[in-house]
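Peer 1: One structure, as structure tokens, below. Some questions next.
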Amino acid sequence: MRTALKAVFVAGACLVAASFSAQAAQTIRLAHTAATSHAHHAAALQFAKNVEARTKGELKVEVYPSGELGDQPALAEQVTMSALDMAVVSLGNMAMYSKKLNAMTAPFLFKSYDQAHQVIDSFVMPWMNEGLASHDALGLSMFDYGFRQTTTQDVVVKTADDLKGVKIRVPPATGLLAAFDAIGANTQSIAYSELYTSLKQGVVVGEENPVFTILADSLYETQNQLAMTNHYFDCQVLLINKTIYESLPEDQKNILKEEAVNAQNLTRKMISEGESAVVEELKKKGMNVTYPDRDSFVKKMAPAYEKVAELAGKDAMDEVLKAVKASEQ
């Protein structure tokens, strides 16, 4: 009898333990829009692997790449509404929740990757999270997307004037549109999912993106000119729903934060150190590469900065410019 009771007790204990283990395990869904060949996907996979290993399986991260769960505005909305746990979203898209983030879309803020990283770490992250505090979202780290460059078909770009009147697709980020409007380009609003076809059909003559995107999404097949304009440093926040984050034990929150920074650092290594190799690969794909005069663009940017300041608020624009200036000293 005693043996039977002991067996029942042990079996019951095992059942309770198994039930507790099942309850303890939690799945986090992380979505991004980059191709699986992009650095962001590598960073997301590293994040998922390390989080699961360090939490001994208590947290599992499922990665949804290539816009499987929607474009970036949709992903941002899902995170803020607790319909999605995590996403990688540009600051331009997050500006709909905190208007001051429009200031980070200003063109020609940074001259180098090192300078951009310094300002992001010391200023942008806490400043951004202050603005997102009322939207149930928290930025854990910032993924490099890279300096954005300009591509065209048969239009050689050596100065800003070479883009005057050129029909070019520009995403809806405030500063990007304002920058190309300021140099007199004929800016067009086209969904990114339709860009390749629009370039191939000649609906637009040019576009702008980091070289990694130009290679990963085969945009070189429709464009034969690459101008290294470095007009905008693009970075994207690794965003998490704040309610979900705050519900986790302190040790798991620390692991998520640490692995988010490790994933960020992987993108920094892959993007900044890999850019020159990607440019060489694009040359092999048939693209002619030019290095336009930066000053020819910068001197035309006053209207762009006015537009950005109007939307972000003058105080926000001044704060960003002060942080950038401090990084130059």
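Identifiers in the structure tokens: chain A, B, ... in order shown; residue index from 1 per chain; ligand index from 1 in order shown.
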Might you pull out every residue within 10 Å of Leu177 of chain A, with only C-alpha atoms counted and same-chain residues fewer than 2 positions away left off, and present them as a list of chain:residue names?
Peer 2: A:Thr105, A:Ala106, A:Pro107, A:Arg169, A:Val170, A:Pro171, A:Pro172, A:Ala173, A:Thr174, A:Gly175, A:Ala179, A:Phe180, A:Asp181, A:Ala182, A:Ala185, A:Thr187, A:Gln188, A:Ser189, A:Ala304, A:Lys307, A:Val308
Peer 1: Please return, as number ranges by chain, all residues of segment 49-241 of chain A that DSSP assigns to helix (DSSP H, G or I) on the basis of the backbone.
Peer 2: A: 49-54, 72-80, 91-94, 99-105, 113-135, 160-163, 174-182, 192-200, 211-216, 219-221
Peer 1: Need the shell around segment 30-39 of chain A: protein/DNA/RNA residues with any atom at most 8 Å away, counting only C-alpha atoms. Skip same-chain ones fewer than 4 positions apart. Format as a list in words?
Peer 2: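 Skipping anything fewer than 4 positions along the chain leaves Ala43, Ala44, Val61, Glu62, Val63, Tyr64, Pro65, Ser66, Gly67, Glu68, Leu69, Gly70, Asp71, Gln72, Leu75, Leu84, Asp85, Met86, Ala87, Val88, Val89, Phe212, Thr213, Ala216, Asp217, Leu266, Thr267, Met270 and Ile271 of chain A.
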Peer 1: Excluding Asn50 of chain A and its own-chain neighbours fewer than 6 positions away, which residues fall within 12 Å of it when counting only C-alpha atoms? Please give them as an MDAnalysis selection string.
Peer 2: chainID A and resid 43:44 56:61 252 255:263
Peer 1: What separation in Å, quoted to one decimal, exists between atom CA of Gly146 of chain A and atom CA of Val51 of chain A?
Peer 2: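 Rounded to one decimal, the two atoms are 25.4 Å apart.
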